[in-house]
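So the structure is just underneath, and the comments pick up after that.
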Amino acid sequence: MRKVKEKHNEKNRWYHPGGKLRELGPESLSDVELLAILISTGIKGKSAEKIAEEILSKFGSFKGMANQPLKKFLKIKGLGDVKIIRLAAAFEIARRIAVQVLEENEKK
């Protein structure tokens, strides 16, 4: 990943959120940046981050995205089957983690 140092404040700026995640950790990324990593690539004239912005604008949040029919995502230009399946898999992983945490807390 390429990064550029700004001369004025020596603050790092990344061209892709993956570099930012690697350098600063996942908690430093915005929801748009995290989603853009899952989307991976954009299309001509529309970056992965722009697609992520559109998704979050449409559904409001990650919670708003959860349990949506996959067909709703197909209406967003730049999302095809592979990207939608990747998002669905990430949400299923998150759901399973939540279930495991709840089960562990119930045992305490």
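Residue names in the structure tokens use chain letters A, B, ... in the order shown, residue numbers from 1 in each chain, and ligand numbers from 1 in the order shown.
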Requested in this report: Just the helix (DSSP H, G or I) stuff from segment 3-106 of chain A, please, per backbone DSSP, written as a PyMOL selection string.
Outcome: chain A and resi 17-24+26-28+31-39+48-59+62-65+70-74+81-106
What lies within 12 Å of segment 84-98 of chain A using only C-alpha atoms, ignoring chain neighbours under 5 positions off, as an mmCIF file with C-alpha atoms, in the first residue's frame?
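Result went into around-v8.cif, see below:
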```cif
data_model
loop_
_atom_site.group_PDB
_atom_site.id
_atom_site.type_symbol
_atom_site.label_atom_id
_atom_site.label_comp_id
_atom_site.auth_asym_id
_atom_site.auth_seq_id
_atom_site.Cartn_x
_atom_site.Cartn_y
_atom_site.Cartn_z
ATOM 1 C CA LEU A 34 -13.987 -1.209 6.957
ATOM 2 C CA LEU A 35 -16.743 -1.873 4.446
ATOM 3 C CA ALA A 36 -14.512 -0.721 1.572
ATOM 4 C CA ILE A 37 -11.940 -3.361 2.567
ATOM 5 C CA LEU A 38 -14.593 -6.078 2.236
ATOM 6 C CA ILE A 39 -15.771 -4.651 -1.095
ATOM 7 C CA SER A 40 -12.128 -4.658 -2.216
ATOM 8 C CA ILE A 51 -19.698 2.105 -2.941
ATOM 9 C CA ALA A 52 -19.353 1.636 0.833
ATOM 10 C CA ILE A 55 -24.416 1.187 1.094
ATOM 11 C CA PHE A 62 -24.070 -2.122 9.805
ATOM 12 C CA LYS A 63 -27.096 -3.097 11.898
ATOM 13 C CA GLY A 64 -29.357 -1.751 9.154
ATOM 14 C CA MET A 65 -27.500 -3.883 6.617
ATOM 15 C CA ALA A 66 -27.856 -7.062 8.639
ATOM 16 C CA ASN A 67 -30.550 -9.509 7.542
ATOM 17 C CA GLN A 68 -31.354 -7.534 4.388
ATOM 18 C CA PRO A 69 -32.235 -9.673 1.392
ATOM 19 C CA LEU A 70 -29.225 -9.986 -0.886
ATOM 20 C CA LYS A 71 -31.355 -8.671 -3.779
ATOM 21 C CA LYS A 72 -31.428 -5.216 -2.152
ATOM 22 C CA PHE A 73 -27.650 -5.003 -2.452
ATOM 23 C CA LEU A 74 -27.771 -5.805 -6.169
ATOM 24 C CA LYS A 75 -29.508 -2.454 -6.716
ATOM 25 C CA ILE A 76 -26.268 -0.684 -5.789
ATOM 26 C CA LYS A 77 -24.038 -0.071 -8.803
ATOM 27 C CA GLY A 78 -20.671 -1.688 -8.244
ATOM 28 C CA LEU A 79 -21.923 -4.629 -6.200
ATOM 29 C CA GLU A 103 -23.803 -18.177 25.271
ATOM 30 C CA GLU A 104 -20.580 -17.657 27.261
ATOM 31 C CA ASN A 105 -22.196 -14.849 29.277
#
```
Query raised in the report: For Gly18 of chain A, which residue among A:Phe59, A:Gln100, A:Thr41, A:Glu53 is the nearest when counting only C-alpha atoms?
Result: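 Nearest candidate to Gly18 of chain A out of A:Phe59, A:Gln100, A:Thr41, A:Glu53: A:Thr41.
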Report task. Run DSSP on the backbone and grab whatever in chain A lands in strand (DSSP E or B); send it over as a ChimeraX atom specification. Result -> /A:3-5,12-14,43,46
Would you output that residue set with N, CA and C atoms, as an mmCIF file, in the first residue's frame?
```cif
data_model
loop_
_atom_site.group_PDB
_atom_site.id
_atom_site.type_symbol
_atom_site.label_atom_id
_atom_site.label_comp_id
_atom_site.auth_asym_id
_atom_site.auth_seq_id
_atom_site.Cartn_x
_atom_site.Cartn_y
_atom_site.Cartn_z
ATOM 1 N N LYS A 3 1.613 5.147 0.827
ATOM 2 C CA LYS A 3 1.149 6.188 1.723
ATOM 3 C C LYS A 3 1.940 7.456 1.440
ATOM 4 N N VAL A 4 1.325 8.565 1.743
ATOM 5 C CA VAL A 4 1.925 9.862 1.476
ATOM 6 C C VAL A 4 2.005 10.603 2.800
ATOM 7 N N LYS A 5 3.120 11.244 3.041
ATOM 8 C CA LYS A 5 3.238 12.090 4.227
ATOM 9 C C LYS A 5 2.945 13.527 3.811
ATOM 10 N N ASN A 12 -0.112 10.746 8.430
ATOM 11 C CA ASN A 12 -0.154 9.744 7.369
ATOM 12 C C ASN A 12 -1.498 9.766 6.658
ATOM 13 N N ARG A 13 -1.447 9.527 5.337
ATOM 14 C CA ARG A 13 -2.661 9.426 4.537
ATOM 15 C C ARG A 13 -2.501 8.214 3.634
ATOM 16 N N TRP A 14 -3.482 7.343 3.641
ATOM 17 C CA TRP A 14 -3.393 6.118 2.868
ATOM 18 C C TRP A 14 -4.318 6.199 1.665
ATOM 19 N N ILE A 43 -15.499 0.181 -9.301
ATOM 20 C CA ILE A 43 -15.721 0.059 -10.741
ATOM 21 C C ILE A 43 -15.264 1.375 -11.367
ATOM 22 N N LYS A 46 -16.074 4.793 -9.767
ATOM 23 C CA LYS A 46 -16.673 4.627 -8.440
ATOM 24 C C LYS A 46 -15.773 3.713 -7.601
#
```
Requested in this report: For atom CA of Asp81 of chain A and atom CA of Ala48 of chain A, determine how far apart the two atoms are, in Å to one decimal place.
Outcome: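 For atom CA of Asp81 of chain A relative to atom CA of Ala48 of chain A, the distance reads 15.0 Å.
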**Report entry** Interatomic distance, atom CA of His16 of chain A to atom CA of Glu33 of chain A (Å, one decimal)
**Finding:**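 Distance between the two atoms: 8.3 Å.
One finds atom CA of Asp31 of chain A at 11.9 Å from atom CA of Glu54 of chain A.
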